[in-house]
Structures are given as C-alpha cells and as structure tokens.
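Raw contents of data.tsv, TSV, C-alpha atoms and all ligand atoms:
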chain	number	residue	atom	x	y	z
J	1	MET	CA	-17.12	-18.47	0.90
J	2	SER	CA	-13.72	-16.92	1.52
J	3	ILE	CA	-11.59	-13.84	0.93
J	4	MET	CA	-8.35	-13.90	-1.07
J	5	ILE	CA	-5.50	-11.41	-0.79
J	6	THR	CA	-3.09	-11.25	-3.73
J	7	GLY	CA	0.32	-10.15	-2.47
J	8	GLY	CA	-1.00	-11.52	0.81
J	9	THR	CA	2.38	-12.20	2.39
J	10	GLY	CA	3.63	-8.65	1.67
J	11	PHE	CA	3.87	-5.67	4.00
J	12	LEU	CA	0.25	-4.49	3.68
J	13	GLY	CA	-1.32	-7.82	2.70
J	14	ALA	CA	-0.16	-9.36	5.98
J	15	GLU	CA	-1.73	-6.54	8.01
J	16	ILE	CA	-5.04	-6.84	6.12
J	17	CYS	CA	-4.85	-10.59	6.81
J	18	ARG	CA	-4.55	-9.81	10.54
J	19	LEU	CA	-7.70	-7.63	10.44
J	20	LEU	CA	-9.65	-10.30	8.55
J	21	VAL	CA	-8.55	-12.99	11.03
J	22	GLU	CA	-9.87	-10.75	13.85
J	23	ASP	CA	-13.22	-10.83	12.00
J	24	GLY	CA	-13.17	-14.65	12.12
J	25	GLU	CA	-12.21	-15.05	8.44
J	26	ARG	CA	-9.60	-17.53	7.13
J	27	PRO	CA	-8.10	-15.56	4.22
J	28	VAL	CA	-6.34	-17.17	1.28
J	29	LEU	CA	-2.97	-15.50	0.66
J	30	LEU	CA	-1.73	-15.83	-2.93
J	31	ASP	CA	1.89	-14.79	-3.32
J	32	PRO	CA	5.08	-16.28	-4.79
J	33	TYR	CA	6.93	-15.49	-1.54
J	34	PRO	CA	6.10	-17.52	1.58
J	35	PRO	CA	4.72	-16.01	4.79
J	36	ARG	CA	7.28	-13.96	6.71
J	37	GLY	CA	7.51	-11.23	9.34
J	38	ARG	CA	4.67	-11.47	11.85
J	39	LEU	CA	2.42	-13.60	9.62
J	40	PRO	CA	3.57	-16.99	11.00
J	41	GLU	CA	2.09	-15.92	14.38
J	42	LEU	CA	-1.34	-16.34	12.73
J	43	LYS	CA	-0.37	-19.62	11.14
J	44	ASP	CA	-3.54	-21.72	11.45
J	45	HIS	CA	-5.79	-18.81	10.56
J	46	TYR	CA	-4.90	-18.32	6.91
J	47	LEU	CA	-4.19	-20.46	3.87
J	48	TYR	CA	-1.05	-19.78	1.86
J	49	VAL	CA	-1.08	-20.51	-1.88
J	50	PRO	CA	2.25	-20.05	-3.67
J	51	GLY	CA	1.37	-18.57	-7.03
J	52	SER	CA	1.76	-15.72	-9.46
J	53	LEU	CA	-0.73	-13.21	-10.83
J	54	THR	CA	0.75	-13.87	-14.23
J	55	ASN	CA	-0.75	-17.38	-14.25
J	56	LEU	CA	-4.50	-17.22	-14.92
J	57	PRO	CA	-5.15	-20.98	-14.44
J	58	VAL	CA	-3.52	-20.81	-10.99
J	59	LEU	CA	-5.75	-17.85	-10.10
J	60	LEU	CA	-8.85	-19.66	-11.39
J	61	ASN	CA	-8.02	-22.92	-9.62
J	62	THR	CA	-7.41	-21.05	-6.36
J	63	VAL	CA	-10.59	-18.98	-6.37
J	64	ARG	CA	-12.67	-22.03	-7.30
J	65	GLN	CA	-11.02	-24.40	-4.80
J	66	TYR	CA	-11.51	-22.00	-1.88
J	67	GLU	CA	-14.85	-20.55	-3.08
J	68	VAL	CA	-13.50	-17.01	-3.04
J	69	ASP	CA	-16.13	-14.28	-3.30
J	70	THR	CA	-14.01	-11.21	-2.46
J	71	ILE	CA	-10.45	-10.34	-3.53
J	72	PHE	CA	-8.12	-7.74	-2.08
J	73	HIS	CA	-5.68	-7.23	-4.95
J	74	LEU	CA	-2.33	-5.99	-3.58
J	75	GLY	CA	0.16	-8.21	-5.39
J	76	GLY	CA	2.63	-6.52	-7.66
J	77	MET	CA	5.97	-4.83	-8.17
J	78	LEU	CA	6.60	-1.50	-6.43
J	79	SER	CA	7.82	1.73	-8.02
J	80	LEU	CA	11.61	1.34	-8.19
J	81	PRO	CA	11.62	-2.31	-9.36
J	82	SER	CA	9.02	-1.36	-12.01
J	83	GLU	CA	11.21	1.49	-13.21
J	84	GLN	CA	14.22	-0.83	-13.44
J	85	ASP	CA	12.35	-3.73	-15.02
J	86	PRO	CA	9.31	-2.40	-16.91
J	87	TRP	CA	9.04	-5.65	-18.89
J	88	ASN	CA	8.25	-7.77	-15.83
J	89	ALA	CA	6.28	-4.92	-14.27
J	90	PHE	CA	3.96	-5.01	-17.30
J	91	GLU	CA	3.36	-8.74	-16.85
J	92	VAL	CA	2.85	-8.56	-13.08
J	93	ASN	CA	1.10	-5.21	-12.60
J	94	VAL	CA	-0.88	-4.79	-15.82
J	95	VAL	CA	-1.49	-8.33	-17.11
J	96	GLY	CA	-1.68	-9.55	-13.50
J	97	THR	CA	-4.56	-7.16	-12.77
J	98	TYR	CA	-6.26	-8.19	-16.02
J	99	ASN	CA	-5.93	-11.84	-14.91
J	100	VAL	CA	-7.46	-11.05	-11.52
J	101	LEU	CA	-10.36	-9.28	-13.25
J	102	GLU	CA	-10.84	-12.24	-15.60
J	103	ALA	CA	-10.78	-14.64	-12.64
J	104	CYS	CA	-13.56	-12.50	-11.12
J	105	ARG	CA	-15.60	-12.56	-14.33
J	106	LEU	CA	-15.14	-16.27	-15.06
J	107	SER	CA	-15.81	-17.38	-11.47
J	108	GLY	CA	-18.58	-14.94	-10.59
J	109	ILE	CA	-16.61	-13.20	-7.86
J	110	ALA	CA	-18.64	-10.30	-6.56
J	111	LYS	CA	-16.12	-7.83	-5.17
J	112	LEU	CA	-12.57	-6.68	-5.91
J	113	ILE	CA	-10.66	-4.12	-3.82
J	114	PHE	CA	-7.58	-2.80	-5.60
J	115	ALA	CA	-4.39	-1.19	-4.23
J	116	SER	CA	-3.67	1.85	-6.36
J	117	SER	CA	-1.23	4.63	-5.50
J	118	VAL	CA	-0.78	8.39	-5.56
J	119	ALA	CA	1.90	7.52	-8.12
J	120	VAL	CA	-0.96	7.80	-10.65
J	121	TYR	CA	-0.42	11.58	-10.50
J	122	GLY	CA	2.32	13.31	-12.45
J	123	GLU	CA	4.32	16.44	-11.85
J	124	ASP	CA	2.10	18.65	-14.00
J	125	ILE	CA	-0.68	19.10	-11.46
J	126	ALA	CA	-2.39	22.49	-11.45
J	127	GLY	CA	-2.86	23.88	-7.93
J	128	ASP	CA	-1.70	22.48	-4.60
J	129	VAL	CA	-4.41	19.95	-3.81
J	130	ILE	CA	-4.85	16.46	-5.29
J	131	THR	CA	-8.48	15.35	-5.42
J	132	ASP	CA	-10.03	12.21	-6.93
J	133	ASP	CA	-10.65	14.31	-10.04
J	134	THR	CA	-7.04	15.43	-10.55
J	135	LEU	CA	-5.51	14.59	-13.92
J	136	GLN	CA	-3.67	11.25	-13.83
J	137	ARG	CA	-0.62	11.58	-16.09
J	138	PRO	CA	2.27	9.85	-14.32
J	139	ALA	CA	5.79	9.79	-15.68
J	140	SER	CA	6.62	6.45	-14.05
J	141	PHE	CA	5.90	3.01	-15.48
J	142	TYR	CA	4.54	1.95	-12.09
J	143	GLY	CA	2.09	4.90	-12.06
J	144	ALA	CA	1.01	4.21	-15.64
J	145	GLY	CA	0.26	0.58	-14.69
J	146	LYS	CA	-1.86	1.72	-11.73
J	147	VAL	CA	-3.84	4.14	-13.95
J	148	PHE	CA	-4.55	1.38	-16.48
J	149	SER	CA	-5.50	-1.04	-13.69
J	150	GLU	CA	-7.96	1.48	-12.23
J	151	LEU	CA	-9.48	1.92	-15.68
J	152	GLN	CA	-9.63	-1.85	-16.30
J	153	GLY	CA	-11.49	-2.21	-13.00
J	154	ARG	CA	-13.99	0.49	-13.92
J	155	PHE	CA	-14.56	-1.25	-17.28
J	156	TYR	CA	-15.29	-4.61	-15.58
J	157	ALA	CA	-17.67	-2.81	-13.21
J	158	ARG	CA	-19.59	-1.21	-16.08
J	159	ARG	CA	-19.52	-4.14	-18.51
J	160	PHE	CA	-19.75	-7.15	-16.17
J	161	GLY	CA	-21.25	-5.74	-12.96
J	162	LEU	CA	-18.17	-6.35	-10.79
J	163	ASP	CA	-18.19	-4.42	-7.50
J	164	PHE	CA	-14.80	-2.79	-8.08
J	165	ARG	CA	-13.30	-0.48	-5.46
J	166	GLY	CA	-9.82	0.90	-4.88
J	167	LEU	CA	-7.58	3.07	-2.74
J	168	ARG	CA	-4.83	5.42	-3.83
J	169	LEU	CA	-2.26	5.30	-1.05
J	170	PRO	CA	0.54	7.73	-0.35
J	171	SER	CA	3.88	6.33	0.87
J	172	VAL	CA	3.25	3.70	3.57
J	173	VAL	CA	5.32	3.86	6.77
J	174	GLY	CA	5.89	0.87	9.03
J	175	PRO	CA	8.53	-1.41	10.53
J	176	GLY	CA	10.25	-4.10	8.49
J	177	SER	CA	10.55	-2.29	5.12
J	178	ARG	CA	13.83	-3.41	3.62
J	179	VAL	CA	13.43	-2.41	-0.04
J	180	ALA	CA	14.83	1.06	-0.78
J	181	HIS	CA	12.56	3.52	-2.56
J	182	MET	CA	12.39	7.27	-2.96
J	183	THR	CA	10.46	7.94	0.27
J	184	ILE	CA	11.84	5.10	2.41
J	185	TYR	CA	13.46	7.68	4.70
J	186	ASN	CA	10.10	7.99	6.46
J	187	CYS	CA	10.54	4.38	7.67
J	188	TRP	CA	14.29	4.27	8.11
J	189	ALA	CA	14.50	7.50	10.15
J	190	ILE	CA	12.62	5.56	12.84
J	191	GLU	CA	13.86	2.03	12.21
J	192	HIS	CA	17.61	2.59	11.89
J	193	PRO	CA	17.90	4.30	15.30
J	194	LEU	CA	15.82	1.47	16.80
J	195	ARG	CA	18.34	-0.98	15.37
J	196	GLY	CA	21.17	1.09	16.86
J	197	LEU	CA	22.27	2.38	13.44
J	198	PRO	CA	23.04	5.99	12.44
J	199	TYR	CA	20.76	7.55	9.81
J	200	ARG	CA	20.75	10.74	7.75
J	201	VAL	CA	17.46	11.84	6.16
J	202	PRO	CA	18.30	12.57	2.50
J	203	VAL	CA	15.97	15.55	1.94
J	204	GLU	CA	15.81	19.22	2.96
J	205	PRO	CA	14.46	19.84	6.50
J	206	GLU	CA	11.34	21.56	5.12
J	207	THR	CA	10.51	18.79	2.59
J	208	ARG	CA	7.07	17.26	3.08
J	209	CYS	CA	6.09	13.82	1.83
J	210	PRO	CA	2.51	12.47	1.92
J	211	THR	CA	2.52	9.32	4.10
J	212	ILE	CA	0.18	6.94	5.88
J	213	TYR	CA	0.96	4.53	8.74
J	214	TYR	CA	0.63	0.89	7.68
J	215	LYS	CA	-2.05	0.17	10.29
J	216	ASP	CA	-4.16	3.03	8.91
J	217	ALA	CA	-3.58	1.83	5.33
J	218	ALA	CA	-4.68	-1.73	6.17
J	219	ARG	CA	-7.69	-0.38	8.09
J	220	ALA	CA	-8.66	1.72	5.06
J	221	PHE	CA	-8.73	-1.43	2.87
J	222	HIS	CA	-10.68	-3.29	5.52
J	223	MET	CA	-13.24	-0.46	5.84
J	224	LEU	CA	-13.58	-0.06	2.08
J	225	GLY	CA	-14.10	-3.82	1.70
J	226	LYS	CA	-16.95	-3.75	4.22
J	227	ALA	CA	-18.62	-0.54	3.05
J	228	ASP	CA	-22.20	-0.85	1.85
J	229	ALA	CA	-22.28	-0.99	-1.98
J	230	ALA	CA	-24.98	1.69	-1.98
J	231	SER	CA	-22.53	4.20	-0.46
J	232	ILE	CA	-19.76	3.55	-3.02
J	233	SER	CA	-20.03	6.04	-5.84
J	234	SER	CA	-16.47	7.26	-6.55
J	235	LYS	CA	-15.12	3.66	-6.71
J	236	VAL	CA	-11.42	4.63	-6.35
J	237	TYR	CA	-10.43	6.91	-3.48
J	238	ASN	CA	-7.46	8.95	-2.33
J	239	VAL	CA	-6.73	8.33	1.34
J	240	ALA	CA	-4.47	10.64	3.30
J	241	GLY	CA	-2.73	9.59	6.49
J	242	GLN	CA	-0.87	12.45	8.15
J	243	SER	CA	-2.54	15.54	6.78
J	244	PRO	CA	-1.02	18.04	6.28
J	245	ALA	CA	2.12	16.02	5.58
J	246	TYR	CA	4.90	16.50	8.16
J	247	THR	CA	8.31	17.94	7.26
J	248	ALA	CA	11.58	15.98	7.49
J	249	ALA	CA	12.59	18.23	10.42
J	250	GLN	CA	9.35	17.39	12.28
J	251	LEU	CA	9.96	13.68	11.68
J	252	VAL	CA	13.48	13.89	13.12
J	253	GLU	CA	12.20	15.83	16.14
J	254	ALA	CA	9.41	13.28	16.78
J	255	VAL	CA	11.88	10.36	16.61
J	256	ARG	CA	14.31	12.11	18.96
J	257	GLY	CA	11.42	12.58	21.40
J	258	HIS	CA	11.18	8.77	21.70
J	259	LEU	CA	14.82	7.87	21.12
J	260	PRO	CA	16.88	10.70	22.67
J	261	GLY	CA	20.20	8.93	21.97
J	262	ALA	CA	19.49	8.43	18.26
J	263	ASP	CA	22.34	9.20	15.85
J	264	LEU	CA	19.87	10.85	13.47
J	265	GLY	CA	20.31	13.90	11.27
J	266	ILE	CA	19.55	15.46	7.92
J	267	ASP	CA	21.93	15.34	4.97
J	268	PRO	CA	20.06	16.21	1.76
J	269	ASP	CA	20.85	14.19	-1.36
J	270	PRO	CA	20.30	16.64	-4.26
J	271	ASN	CA	18.79	13.94	-6.50
J	272	ILE	CA	16.21	12.75	-3.98
J	273	SER	CA	15.47	16.31	-2.80
J	274	GLN	CA	14.79	17.41	-6.35
J	275	LEU	CA	12.54	14.42	-7.07
J	276	LEU	CA	10.48	15.13	-3.95
J	277	GLN	CA	10.30	18.88	-4.40
J	278	GLY	CA	7.16	18.64	-6.56
J	279	LEU	CA	5.41	16.49	-3.93
J	280	SER	CA	6.18	18.85	-1.10
J	281	ARG	CA	3.63	21.50	-2.08
J	282	LEU	CA	0.78	19.03	-2.65
J	283	ALA	CA	-1.95	18.08	-0.19
J	284	LEU	CA	-4.13	14.98	-0.63
J	285	ASP	CA	-7.86	15.63	-0.41
J	286	ASP	CA	-9.66	12.48	0.73
J	287	ALA	CA	-13.11	14.02	1.24
J	288	PRO	CA	-14.97	11.37	-0.89
J	289	ALA	CA	-13.49	8.52	1.22
J	290	ARG	CA	-14.58	10.32	4.40
J	291	ARG	CA	-18.03	11.10	3.03
J	292	GLU	CA	-18.84	7.79	1.32
J	293	TRP	CA	-17.47	5.22	3.79
J	294	GLY	CA	-16.37	7.12	6.87
J	295	TRP	CA	-12.58	7.19	6.41
J	296	ASN	CA	-10.72	8.84	9.28
J	297	PRO	CA	-7.03	8.10	9.94
J	298	ALA	CA	-5.98	7.24	13.51
J	299	PHE	CA	-2.23	7.94	13.34
J	300	ALA	CA	-0.87	11.49	13.15
J	301	LEU	CA	2.94	11.88	13.25
J	302	GLU	CA	3.31	11.54	17.04
J	303	GLU	CA	1.00	8.51	17.28
J	304	MET	CA	2.73	6.91	14.31
J	305	VAL	CA	6.24	7.21	15.75
J	306	ALA	CA	5.05	5.99	19.18
J	307	ASP	CA	3.31	2.93	17.69
J	308	PHE	CA	6.23	2.13	15.34
J	309	VAL	CA	8.64	2.17	18.31
J	310	ALA	CA	6.30	0.00	20.43
J	311	GLU	CA	5.72	-2.46	17.56
J	312	PHE	CA	9.45	-2.78	16.90
J	313	ARG	CA	10.28	-3.30	20.58
J	314	ALA	CA	7.52	-5.89	21.00
J	315	HIS	CA	8.96	-8.03	18.17
J	316	PRO	CA	12.73	-7.59	18.23
J	317	ALA	CA	13.47	-10.99	16.70
J	318	ILE	CA	11.44	-10.13	13.60
J	319	TYR	CA	12.43	-6.52	13.01
J	320	SER	CA	16.07	-6.59	14.12
J	321	MET	CA	17.10	-9.14	11.48
R	1	LIG	N1	4.12	0.48	0.28
R	1	LIG	C1	3.72	1.63	-0.25
R	1	LIG	O1	4.27	2.70	0.07
R	1	LIG	C2	2.58	1.65	-1.24
R	1	LIG	C3	2.05	2.91	-1.63
R	1	LIG	C4	1.02	2.93	-2.57
R	1	LIG	C5	0.50	1.74	-3.08
R	1	LIG	N2	1.03	0.54	-2.67
R	1	LIG	C6	0.48	-0.70	-3.26
R	1	LIG	O2	0.04	-1.56	-2.23
R	1	LIG	C7	0.25	-2.92	-2.63
R	1	LIG	C8	1.00	-3.66	-1.52
R	1	LIG	O3	2.26	-3.03	-1.34
R	1	LIG	P1	3.22	-3.44	-0.13
R	1	LIG	O4	3.74	-2.18	0.45
R	1	LIG	O5	2.56	-4.44	0.75
R	1	LIG	O6	4.41	-4.10	-0.95
R	1	LIG	P2	5.09	-5.53	-0.83
R	1	LIG	O7	6.18	-5.57	-1.85
R	1	LIG	O8	5.43	-5.85	0.58
R	1	LIG	O9	3.89	-6.49	-1.25
R	1	LIG	C9	3.61	-6.84	-2.58
R	1	LIG	C10	3.48	-8.33	-2.63
R	1	LIG	O10	3.20	-8.70	-3.98
R	1	LIG	C11	3.85	-9.92	-4.19
R	1	LIG	N3	4.05	-10.19	-5.60
R	1	LIG	C12	5.08	-9.79	-6.41
R	1	LIG	N4	4.95	-10.34	-7.61
R	1	LIG	C13	3.81	-11.09	-7.58
R	1	LIG	C14	3.16	-11.92	-8.52
R	1	LIG	N5	3.66	-12.09	-9.75
R	1	LIG	N6	2.02	-12.56	-8.15
R	1	LIG	C15	1.51	-12.39	-6.89
R	1	LIG	N7	2.10	-11.63	-5.96
R	1	LIG	C16	3.23	-10.98	-6.30
R	1	LIG	C17	5.19	-9.78	-3.45
R	1	LIG	O11	5.77	-11.05	-3.19
R	1	LIG	C18	4.76	-9.05	-2.20
R	1	LIG	O12	4.51	-9.96	-1.15
R	1	LIG	C19	1.00	-2.86	-3.96
R	1	LIG	O13	0.07	-3.08	-4.99
R	1	LIG	C20	1.55	-1.46	-4.01
R	1	LIG	O14	1.68	-1.02	-5.34
R	1	LIG	C21	2.04	0.48	-1.75

Starting from the file, lay out its structure as structure tokens.
Amino acid sequence: MSIMITGGTGFLGAEICRLLVEDGERPVLLDPYPPRGRLPELKDHYLYVPGSLTNLPVLLNTVRQYEVDTIFHLGGMLSLPSEQDPWNAFEVNVVGTYNVLEACRLSGIAKLIFASSVAVYGEDIAGDVITDDTLQRPASFYGAGKVFSELQGRFYARRFGLDFRGLRLPSVVGPGSRVAHMTIYNCWAIEHPLRGLPYRVPVEPETRCPTIYYKDAARAFHMLGKADAASISSKVYNVAGQSPAYTAAQLVEAVRGHLPGADLGIDPDPNISQLLQGLSRLALDDAPARREWGWNPAFALEEMVADFVAEFRAHPAIYSM
C-alpha cells in the first residue's frame, strides 16, 4: 500500500513528502511539473508520476499501479492564477477534485486529505473571529472552488463512506515562493533581504495577515492524516499558525533582528492595503483541530523568521536562484 500526493512537487507537497519519507514511506507524487527545490535530495525515496488531475484515467492507473490507499490532495491552481484564468481553474480545482474523489470511489481508496484555504471565507463575516462554522461565501473563483471541493468531499464521505478530511490554511510562509500573490510580502520581506535585494512591504504598518509557516502547515497535514478516525468529527478544520497574526511592522522588526543590514521598509500600495484591510481584524479559531487531533503550531513569528533564515542559508544554491 502507498500514499499519493497530488501537487506533490509543489511547495507544500514536497514538505509533506519529506515527513512521509521520515516515516519510512515511499510516496507517489503526481504533478505535471517535475521535482524541484529540495525534493531531488530525497530522490530514491519517492516516485514521481507526471500527470494532471484533469485526466481521470491517469489518476486511476496511478492509484491502481502503486496500490494507493491514502491521498493527500494538494494539486491545483492558486488564487491569483484562478482569478486570471477561471476556465482552467474550474477544470483543475473543481473537476480535478471530483476526479480524485472518483478515483477514490472506483479504486476503494480509504482516506483523502484535502488542502482547502481560508479563501473560502468572504468579506461579509459577522464578528472578528472565523470558526469552522463561519459562513463560507467567498468572492473569489479560487475560494468558490475550495468551498465546492469541501462539499464534494463531505458528499463522498456520506454517500460512499470515504474517510474525507481537510485543512483550511491561511497564507503559507516559506523560502522559495516565486509566484506573486496578495500576501506574498510575508515571504519576500524575509527572502529578498537574504538574497541581498531591497524590499518594501506594500501594506500599512499595522496591517495583520493570518499566516502559517510551511513546516507547520505540512506537519498539520501529516498529523491530520494520521489522526484516529474516531476522533475526526468536524472533517474540515481551520488551522492557525501565528495567532494572533503579526503586524507588518512586527514582521519588519523581526527580520531586522536577524538581518541588521537589510534594505527593508514599508511602502503601502493602496490597492493591496485595501484588499487586506478586511482580513486584518479577523482571528482564526482552530479550537476543533486542537481538540480533535491535537493541533499546536510550533512557529511563532520569531521562530519562523529564525528558521526561514537558517533554511535559506543552509541551501543557498536552491533558494538564491
Ligand atoms: N500556499 C498557500 O499560501 C496556500 C494557502 C491555502 C491553501 N493552499 C493550498 O495548498 C495546496 C498546495 O499549495 P502550494 O502552496 O504547495 O502551491 P504550489 O503551487 O507550490 O503547489 C501546487 C501544485 O499543484 C500542481 N498542479 C497544478 N496543476 C495541476 C494539475 N492539473 N494536476 C496536478 N497537479 C497540478 C502544481 O504543479 C504545483 O506543484 C493548494 O491546493 C493550495 O490551494 C495553499
């Protein structure tokens, strides 16, 4: 029996792969893009299958060939690309998840762990705290796809007995993120100074953005995957990383603490600031994840910046490119 990760060569998929390899597993990574970043270091410990979620026969052949019994489903298009190309995002994120669910049903796969997002929430949230029960009415196409995918998963659990679980992640911070998105400043405020580049954070100093360090995010998937089925009642869980979320000014100060010579400042972009204003007041409540399967993040702001700097410096050839 083996474990498959869709989107397995991506930012988070690769880190989950690392945790599974530490367990002695040999995960199957299904992704159209070949292994990159730090993945090749693990090269004999995983199997790479080039393939798309949009192709059900490829999914079925893969899960049958490698006798997959658990899938971590992370493959997909992120928020900005989905906004720019909703037509492909529908095929990859919505139909792709349906295909993964069908592969589970047709091949008798027991367990599916899905990567959802706090993008499932809209701007019309009453109160200042997001819980697992908060209304999901996103404005973005990406968020709408995640809501439908969560609901598809719950349907397959009820109708076909699939052990479906999922995490709603806030913005993930880690080295090596090259694709711009609304909250990428949380990564680039650390990474650009490490690469010797100037950087200006494009939001107001007091702006807060819910984030989680990539090692915590991968560990949350790993923990959820292993949790005893009897303890899983909510099925899909918010997980908070740094809670309460840090401000942009606190981020800059933490980076300067490690990189005193950094050419780092704050220069708010009115468009980005306005888009993030709604987020700033909101706190993520992850009590069900803590209660049901023991979630507890390891990286607060200071630990996150320290580990990011150490990780970058330990692998300059990979992250400096
Ligand atoms: N990074 C974040 O801030 C964040 C926050 C919330 C949720 N998530 C979710 O976590 C998951 C992983 O995100 P990530 O940060 O690792 O992003 P990523 O872009 O690094 O990884 C996604 C992977 O999916 C692959 N992919 C794209 N199209 C595919 C297709 N048709 N078939 C199979 N694979 C395909 C990509 O090649 C990529 O390797 C995604 O589902 C994302 O929506 C990420």

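Those residues that approach J:Ala157 to within 12 Å, counting only C-alpha atoms, are J:Leu101, J:Glu102, J:Cys104, J:Arg105, J:Ile109, J:Ala110, J:Lys111, J:Leu112, J:Ile113, J:Glu150, J:Leu151, J:Gln152, J:Gly153, J:Arg154, J:Phe155, J:Arg159, J:Phe160, J:Gly161, J:Leu162, J:Asp163, J:Phe164, J:Arg165, J:Ser233, J:Lys235, J:Val236; same-chain residues fewer than 2 positions away are not listed.
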
Checklist entry - Hey, what's within 9 Å of J:Val173 if we count only C-alpha atoms and toss same-chain stuff fewer than 4 positions away? As a PyMOL selection string, please? => result chain J and resi 177+184+186-187+211-215+304+308

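The gap separating atom C20 of ligand LIG 1 (chain R) from atom CA of J:Leu78 is 5.6 Å, in Å to one decimal.
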
Item to check | Distance filter 6 Å around ligand LIG 1 (chain R), atoms: all atoms listed in the file, out as a PyMOL selection string | outcome: chain J and resi 6-7+9-13+31-33+52-54+74-78+92+115-117+169-172

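Shortest atom-to-atom contact with J:His315 among J:Leu194, J:Met223, J:Leu275, J:Ile3: J:Leu194, counting all atoms listed in the file.
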
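The space between atom CA of J:Ala289 and atom CA of J:Tyr237 spans 5.8 Å.
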
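Note that the spacing between atom CA of J:Gly257 and atom CA of J:Tyr185 amounts to 17.5 Å.
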
Who sits within 6 Å of J:Phe141, all atoms listed in the file, same chain under 2 positions skipped, as a PDB file with C-alpha atoms, keeping the file's coordinate frame:
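File out.pdb, as written:
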ATOM      1  CA  GLU J  83      11.210   1.490 -13.210  1.00  0.00           C
ATOM      2  CA  GLY J 143       2.090   4.900 -12.060  1.00  0.00           C
ATOM      3  CA  ALA J 144       1.010   4.210 -15.640  1.00  0.00           C
TER       4      ALA J 144
END

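Every residue within 10 Å of the file position (16.9, 11.5, 12.5), judged by all atoms listed in the file, is given as Tyr185, Asn186, Trp188, Ala189, Ile190, Glu191, His192, Pro193, Pro198, Tyr199, Arg200, Val201, Ala248, Ala249, Gln250, Leu251, Val252, Glu253, Ala254, Val255, Arg256, Leu259, Ala262, Asp263, Leu264, Gly265, Ile266 and Asp267 of chain J.
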
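Between J:Gln84 and the candidates J:His258, J:Arg208, J:His181, J:Arg281, the tightest atom-to-atom separation, counting all atoms listed in the file, involves J:His181.
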
Item to check | Shell around J:Met1 at 12 Å using only C-alpha atoms, local window under 3 positions removed, as JSON, numbers by chain | outcome: {"J": [4, 25, 26, 27, 28, 63, 64, 65, 66, 67, 68, 69, 70, 71, 109, 110]}
